[in-house]
Amino acid sequence: MVPYVIGAAVDLGNCLDLTVRDHVELLRDAHNGLVAALQAQGKPMPQNRNVANDSSRDELLRNLDCAVIRYLHDSIEQELAVGSTHDSLERFDSVRGLFREGDPIYPGSGFYERTHTQIAVRSLECIKGIFRPRL
């Protein structure tokens, strides 16, 4: 199999931006809701964990974070289906998060080697075009 790279022009639309305090609070509330729902069902909470054979402190398998974000999206869908009383309640078209990974780039640094932003597009209408980058 040959690796391939594509690029995309994306409009984030109504973005669940986890660098914005109000959206962080939404996610905190969703976590509390997920805890309650799973406890009521007698199910364990998903956990973030390291990749096998990775001795770093980075938890690259973010099962908990994924479950909380999905719970938030599902909760919004349920509220919209029953006719929510929240006038401003809307589906999120995309999610953006900042992930700190790796070691500090120098002693005492708040910057890390592999810190990066990830974007998940939930609505295909947000993808304005795709292209093959010149390498």
# chains A, B, ... in the order shown; residues from 1 in each chain; ligands from 1

$ residues_around --residues "Glu90 in chain A" --least-positions-apart "4" --cutoff "9 Å" --atoms "only C-alpha atoms" --output "list in words"
Asn14, Ile76, Glu77 and Leu80 of chain A

$ residues_around --residues "Leu98 in chain A" --least-positions-apart "3" --cutoff "12 Å" --atoms "only C-alpha atoms" --output "list in words"
Leu16, Asp17, Leu18, Thr19, Val20, Val24, Val95, Glu101, Tyr112, Arg114, Thr115, His116, Thr117, Gln118, Ile119 and Ala120 of chain A

$ select_by_dssp --residues "chain A" --states "strand (DSSP E)" --output "ChimeraX atom specification"
/A:7-10,15-17,48-49,61-62,94-99,116-121,127-131

$ atom_distance --atom1 "CA of Arg91 in chain A" --atom2 "CA of Glu25 in chain A"
16.4 Å

$ atom_distance --atom1 "CA of Arg49 in chain A" --atom2 "CA of Ser75 in chain A"
25.1 Å

$ atom_distance --atom1 "CA of Ala9 in chain A" --atom2 "CA of Leu27 in chain A"
26.7 Å

$ residues_around --residues "range 133-135 of chain A" --least-positions-apart "4" --cutoff "10 Å" --atoms "only C-alpha atoms" --output "ChimeraX atom specification"
/A:4-8

$ write_last_selection --atoms "N, CA and C atoms" --output "PDB file, in the first residue's frame"
ATOM      1  N   TYR A   4      -0.571   8.163   1.052  1.00  0.00           N
ATOM      2  CA  TYR A   4      -1.108   9.231   0.225  1.00  0.00           C
ATOM      3  C   TYR A   4      -1.511  10.387   1.130  1.00  0.00           C
ATOM      4  N   VAL A   5      -1.334  11.587   0.667  1.00  0.00           N
ATOM      5  CA  VAL A   5      -1.694  12.777   1.426  1.00  0.00           C
ATOM      6  C   VAL A   5      -2.699  13.576   0.612  1.00  0.00           C
ATOM      7  N   ILE A   6      -3.758  14.037   1.283  1.00  0.00           N
ATOM      8  CA  ILE A   6      -4.673  14.972   0.641  1.00  0.00           C
ATOM      9  C   ILE A   6      -4.829  16.182   1.555  1.00  0.00           C
ATOM     10  N   GLY A   7      -5.222  17.265   0.981  1.00  0.00           N
ATOM     11  CA  GLY A   7      -5.510  18.468   1.744  1.00  0.00           C
ATOM     12  C   GLY A   7      -6.984  18.786   1.613  1.00  0.00           C
ATOM     13  N   ALA A   8      -7.481  19.615   2.493  1.00  0.00           N
ATOM     14  CA  ALA A   8      -8.887  19.989   2.448  1.00  0.00           C
ATOM     15  C   ALA A   8      -9.044  21.442   2.874  1.00  0.00           C
TER      16      ALA A   8
END

$ residues_around --residues "Leu124 in chain A" --least-positions-apart "3" --cutoff "10 Å" --atoms "only C-alpha atoms" --output "compact mmCIF listing (two decimals) with C-alpha atoms, in the first residue's frame"
# COMPACT_ATOMS: atom_id res chain seq x y z
CA VAL A 10 -12.67 23.35 5.67
CA ASP A 93 -20.45 20.78 12.68
CA SER A 94 -16.90 20.19 13.86
CA VAL A 121 -15.48 17.41 10.82
CA ILE A 127 -15.67 20.50 3.50
CA LYS A 128 -15.39 23.14 0.80

$ select_by_dssp --residues "chain A" --states "helix (DSSP H, G or I)" --output "ChimeraX atom specification"
/A:21-41,63-81,124-126

$ residues_around --residues "Arg28 in chain A" --least-positions-apart "3" --cutoff "12 Å" --atoms "only C-alpha atoms" --output "list in words"
Leu18, Arg21, Asp22, His23, Val24, Glu25, His31, Asn32, Gly33, Leu34, Val35, Asp65, Val68, Ile69, Tyr71 and Leu72 of chain A

$ closest_residue --among "A:Arg96, A:Ala67, A:Pro3, A:Arg122" --to "Leu38 in chain A" --atoms "only C-alpha atoms"
A:Ala67
